[in-house]
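Undergrad: Have a peek at final_11.cif (mmCIF, C-alpha atoms and all ligand atoms).
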data_model
loop_
_atom_site.group_PDB
_atom_site.id
_atom_site.type_symbol
_atom_site.label_atom_id
_atom_site.label_comp_id
_atom_site.auth_asym_id
_atom_site.auth_seq_id
_atom_site.Cartn_x
_atom_site.Cartn_y
_atom_site.Cartn_z
ATOM 1 C CA MET A 74 0.000 0.000 0.000
ATOM 2 C CA GLU A 75 1.231 3.462 -0.884
ATOM 3 C CA LYS A 76 2.358 5.588 2.051
ATOM 4 C CA GLU A 77 0.305 8.773 2.426
ATOM 5 C CA ARG A 78 2.091 11.993 1.498
ATOM 6 C CA SER A 79 2.405 14.868 3.919
ATOM 7 C CA LYS A 80 0.844 18.148 2.864
ATOM 8 C CA PHE A 81 4.320 19.561 2.185
ATOM 9 C CA GLN A 82 5.278 16.590 -0.010
ATOM 10 C CA ALA A 83 1.979 16.872 -1.869
ATOM 11 C CA ILE A 84 2.599 20.568 -2.571
ATOM 12 C CA LEU A 85 6.150 19.849 -3.766
ATOM 13 C CA GLN A 86 4.882 17.105 -6.086
ATOM 14 C CA CYS A 87 1.893 19.213 -7.247
ATOM 15 C CA LYS A 88 -0.684 16.703 -6.058
ATOM 16 C CA CYS A 89 -4.377 17.176 -5.383
ATOM 17 C CA PRO A 90 -5.007 18.981 -2.065
ATOM 18 C CA ARG A 91 -7.741 16.568 -1.005
ATOM 19 C CA CYS A 92 -6.497 13.064 -1.807
ATOM 20 C CA ARG A 93 -2.819 13.993 -2.346
ATOM 21 C CA LYS A 94 -2.605 11.354 -5.093
ATOM 22 C CA GLY A 95 -3.944 12.867 -8.301
ATOM 23 C CA ASP A 96 -1.766 15.189 -10.373
ATOM 24 C CA VAL A 97 -2.762 18.852 -10.692
ATOM 25 C CA PHE A 98 -0.860 19.342 -13.954
ATOM 26 C CA VAL A 99 -1.071 17.322 -17.144
ATOM 27 C CA ASN A 100 2.600 17.575 -18.193
ATOM 28 C CA SER A 101 5.929 17.880 -16.405
ATOM 29 C CA ALA A 102 7.492 21.243 -15.497
ATOM 30 C CA ILE A 103 10.112 20.883 -18.245
ATOM 31 C CA SER A 104 7.488 20.429 -20.947
ATOM 32 C CA LEU A 105 6.578 23.318 -23.251
ATOM 33 C CA SER A 106 2.967 22.938 -22.119
ATOM 34 C CA PHE A 107 3.899 23.046 -18.435
ATOM 35 C CA ALA A 108 0.849 25.187 -17.605
ATOM 36 C CA LYS A 109 -1.834 22.748 -18.689
ATOM 37 C CA THR A 110 -3.904 21.917 -15.614
ATOM 38 C CA HIS A 111 -6.328 19.038 -15.148
ATOM 39 C CA ARG A 112 -9.954 20.150 -14.681
ATOM 40 C CA ASN A 113 -10.598 17.507 -12.051
ATOM 41 C CA CYS A 114 -8.496 15.197 -9.919
ATOM 42 C CA SER A 115 -8.115 11.808 -11.591
ATOM 43 C CA VAL A 116 -8.432 10.046 -8.209
ATOM 44 C CA CYS A 117 -11.097 11.883 -6.164
ATOM 45 C CA ASN A 118 -12.671 14.024 -8.947
ATOM 46 C CA LEU A 119 -12.098 17.305 -7.080
ATOM 47 C CA LYS A 120 -12.681 20.293 -9.355
ATOM 48 C CA TYR A 121 -9.444 22.303 -9.277
ATOM 49 C CA GLU A 122 -10.700 25.629 -10.599
ATOM 50 C CA ARG A 123 -13.108 26.274 -7.714
ATOM 51 C CA ILE A 124 -14.779 29.247 -9.385
ATOM 52 C CA LEU A 125 -14.229 30.914 -12.735
ATOM 53 C CA GLY A 126 -10.929 32.806 -12.601
ATOM 54 C CA PHE A 127 -9.860 31.098 -9.378
ATOM 55 C CA PHE A 128 -6.253 30.809 -10.508
ATOM 56 C CA TRP A 129 -5.952 34.549 -11.191
ATOM 57 C CA SER A 130 -5.135 34.881 -7.501
ATOM 58 C CA ALA A 131 -2.029 32.782 -8.147
ATOM 59 C CA MET A 132 -0.517 35.866 -9.769
ATOM 60 C CA TYR A 133 -0.003 37.369 -6.315
ATOM 61 C CA VAL A 134 1.953 34.301 -5.220
ATOM 62 C CA SER A 135 4.044 34.264 -8.393
ATOM 63 C CA TYR A 136 4.698 37.984 -7.917
ATOM 64 C CA ALA A 137 6.085 37.176 -4.462
ATOM 65 C CA PHE A 138 8.257 34.449 -6.030
ATOM 66 C CA ALA A 139 9.533 36.959 -8.614
ATOM 67 C CA VAL A 140 10.397 39.615 -6.024
ATOM 68 C CA LEU A 141 12.152 37.064 -3.827
ATOM 69 C CA HIS A 142 14.061 35.724 -6.851
ATOM 70 C CA MET A 143 15.142 39.239 -7.802
ATOM 71 C CA LEU A 144 16.249 40.163 -4.283
ATOM 72 C CA ILE A 145 18.240 36.965 -3.786
ATOM 73 C CA LEU A 146 19.973 37.374 -7.144
ATOM 74 C CA MET A 147 20.747 41.068 -6.591
ATOM 75 C CA VAL A 148 22.284 40.351 -3.180
ATOM 76 C CA THR A 149 24.233 37.382 -4.585
ATOM 77 C CA ILE A 150 25.640 39.430 -7.483
ATOM 78 C CA SER A 151 26.534 42.282 -5.140
ATOM 79 C CA VAL A 152 28.315 39.963 -2.724
ATOM 80 C CA LEU A 153 30.182 38.009 -5.413
ATOM 81 C CA THR A 154 31.487 41.026 -7.332
ATOM 82 C CA GLU A 155 34.000 43.396 -5.786
ATOM 83 C CA GLU A 156 33.167 46.408 -7.911
ATOM 84 C CA ARG A 157 29.620 47.459 -8.485
ATOM 85 C CA PRO A 158 28.582 45.748 -11.726
ATOM 86 C CA ALA A 159 26.906 47.608 -14.553
ATOM 87 C CA LEU A 160 23.142 47.772 -14.542
ATOM 88 C CA TRP A 161 22.871 45.499 -17.568
ATOM 89 C CA VAL A 162 24.596 42.697 -15.592
ATOM 90 C CA PHE A 163 21.766 42.746 -13.055
ATOM 91 C CA PHE A 164 19.154 43.037 -15.753
ATOM 92 C CA VAL A 165 20.434 40.207 -17.948
ATOM 93 C CA SER A 166 21.187 37.812 -15.086
ATOM 94 C CA ILE A 167 17.866 38.394 -13.357
ATOM 95 C CA LEU A 168 15.793 38.186 -16.507
ATOM 96 C CA GLY A 169 17.744 35.202 -17.877
ATOM 97 C CA SER A 170 17.575 33.177 -14.686
ATOM 98 C CA PHE A 171 13.961 34.143 -14.089
ATOM 99 C CA MET A 172 12.965 32.679 -17.444
ATOM 100 C CA LEU A 173 14.348 29.327 -16.306
ATOM 101 C CA PHE A 174 12.195 29.415 -13.194
ATOM 102 C CA VAL A 175 8.933 30.559 -14.812
ATOM 103 C CA PRO A 176 7.460 27.031 -15.062
ATOM 104 C CA LEU A 177 8.216 26.297 -11.400
ATOM 105 C CA TYR A 178 6.871 29.629 -10.162
ATOM 106 C CA PHE A 179 3.759 29.260 -12.280
ATOM 107 C CA ARG A 180 3.020 25.748 -11.078
ATOM 108 C CA TYR A 181 3.817 26.261 -7.413
ATOM 109 C CA SER A 182 1.846 29.491 -7.239
ATOM 110 C CA ARG A 183 -1.217 27.641 -8.556
ATOM 111 C CA VAL A 184 -0.728 24.750 -6.168
ATOM 112 C CA ILE A 185 -0.191 27.060 -3.184
ATOM 113 C CA VAL A 186 -3.367 28.993 -4.015
ATOM 114 C CA LEU A 187 -5.224 25.716 -4.387
ATOM 115 C CA TYR A 188 -4.064 24.598 -0.944
ATOM 116 C CA LEU A 189 -4.597 27.951 0.768
ATOM 117 C CA LEU A 190 -7.751 29.285 -0.824
ATOM 118 C CA GLY A 191 -9.426 26.221 -2.296
ATOM 119 C CA GLY A 192 -11.793 25.792 0.649
ATOM 120 C CA ILE A 193 -11.370 22.081 0.202
ATOM 121 C CA ASN A 194 -12.369 19.515 2.789
ATOM 122 C CA TYR A 195 -9.178 17.638 3.555
ATOM 123 C CA SER A 196 -10.872 14.697 5.237
ATOM 124 C CA SER A 197 -9.262 11.393 4.359
ATOM 125 C CA ASN A 198 -12.702 9.777 4.470
ATOM 126 C CA PRO A 199 -13.924 9.326 0.852
ATOM 127 C CA LYS A 200 -17.585 9.210 2.046
ATOM 128 C CA VAL A 201 -17.309 12.870 3.070
ATOM 129 C CA TRP A 202 -16.194 13.714 -0.489
ATOM 130 C CA GLU A 203 -19.261 12.054 -1.940
ATOM 131 C CA GLU A 204 -21.572 13.970 0.380
ATOM 132 C CA GLU A 205 -20.116 17.241 -0.899
ATOM 133 C CA GLY A 206 -21.471 16.301 -4.295
ATOM 134 C CA GLU A 207 -18.270 16.764 -6.255
HETATM 135 ZN ZN ZN B 301 -7.771 14.207 -5.529
#
Starting from the file, lay out its structure as structure tokens.
Ligand SMILES: [Zn+2]
TA:
Amino acid sequence: MEKERSKFQAILQCKCPRCRKGDVFVNSAISLSFAKTHRNCSVCNLKYERILGFFWSAMYVSYAFAVLHMLILMVTISVLTEERPALWVFFVSILGSFMLFVPLYFRYSRVIVLYLLGGINYSSNPKVWEEEGE
């Protein structure tokens, strides 16, 4: 029998917030269509987009990721270089590295919003899921 994931593991693996088994995304993060999200969980049939435009709120989380990314990189560049580098060095390194992280930020911001704001009953009892009518 499969060992149950912790909530943290389920978030890291982008699993359904209710059953923690079904995938939230159709493809892997390194795929060109990394953003394609399942409508429902393949295991417990939970509808991921709770209301129309639910995932728009994920932009706030991805904005926080972007600011944190920028701050960490700016501090790292400043610490590693003795002289103050030209502005284009910051710009190119931040923008270039950020592009690599876009799929991860996109996916984790959606999953975090799903876990925080989904209003989902996390009961491990499948009978409770059926009573919700989902
Ligand atoms: Zn599920």
Undergrad: Just to confirm, what's the straight-line distance from CA of Glu122 (chain A) to CA of His142 (chain A) in Å (one decimal)?
TA: 27.0 Å
Undergrad: So which one's closest to ligand ZN 301 (chain B), A:Phe81, A:Tyr121, A:Phe138, A:Phe163? Using all atoms listed in the file, please.
TA: A:Tyr121
Undergrad: Residues within 6 Å of ligand ZN 301 (chain B) should be enumerated using only C-alpha atoms and all ligand atoms and returned as a ChimeraX atom specification.
TA: /A:89,91-95,114,116-119
Undergrad: I'd like the neighbourhood of Tyr136 (chain A) as a list in words, where a residue qualifies if any of its atoms comes within 12 Å (using all atoms listed in the file), though same-chain residues fewer than 5 positions away should be ignored.
TA: Trp129, Ser130, Ala131, Leu141, His142, Met143, Phe171, Val175, Tyr178, Phe179, Tyr181, Ser182 and Arg183 of chain A
Undergrad: Would you mind telling me which residue in A:Val134, A:Ile185, A:Cys87, A:Ile150 lies nearest to Thr110 (chain A) when using all atoms listed in the file?
TA: A:Cys87
Undergrad: Give me the residues within 8 Å of Phe107 (chain A) as number ranges by chain, counting all atoms listed in the file and dropping any in the same chain fewer than 4 places off.
TA: A: 98-103, 176, 180
Undergrad: May I ask which of the residues A:Met147, A:Leu187, A:Ala108, A:Leu153 is the closest one to Ser166 (chain A), counting only C-alpha atoms?
TA: A:Met147
Undergrad: Between CA of Arg112 (chain A) and CA of Phe128 (chain A), what is the distance, to one decimal in Å?
TA: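 A separation of 12.0 Å between them.
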Undergrad: Rounded to one decimal, what separation in Å do you get between CA of Phe174 (chain A) and CA of Val140 (chain A)?
TA: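 Atom-to-atom, CA of Phe174 (chain A) and CA of Val140 (chain A) are spaced 12.6 Å apart.
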Undergrad: A:Leu177, A:Met132, A:Leu189, A:Ile167: which is nearest Thr149 (chain A), counting all atoms listed in the file?
TA: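 Closest candidate: A:Ile167.
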Undergrad: Env of Lys80 (chain A): 9 Å cut, atoms = all atoms listed in the file, seq-sep filter 2 positions within chain, self excluded. Answer as a ChimeraX atom specification.
TA: /A:78,82-85,90,93,188
Undergrad: Looking at all atoms listed in the file, which of A:Gln86, A:Ala159, A:Glu77, A:Phe127 is the one that sits closest to Gly192 (chain A)?
TA: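 The shortest atom-to-atom distance to Gly192 (chain A) comes from A:Phe127.
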Undergrad: Kindly indicate which residue among A:Leu125, A:Lys120, A:Leu146, A:Ser135 lies nearest to Val165 (chain A), using only C-alpha atoms for the distances.
TA: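 Closest candidate: A:Leu146.
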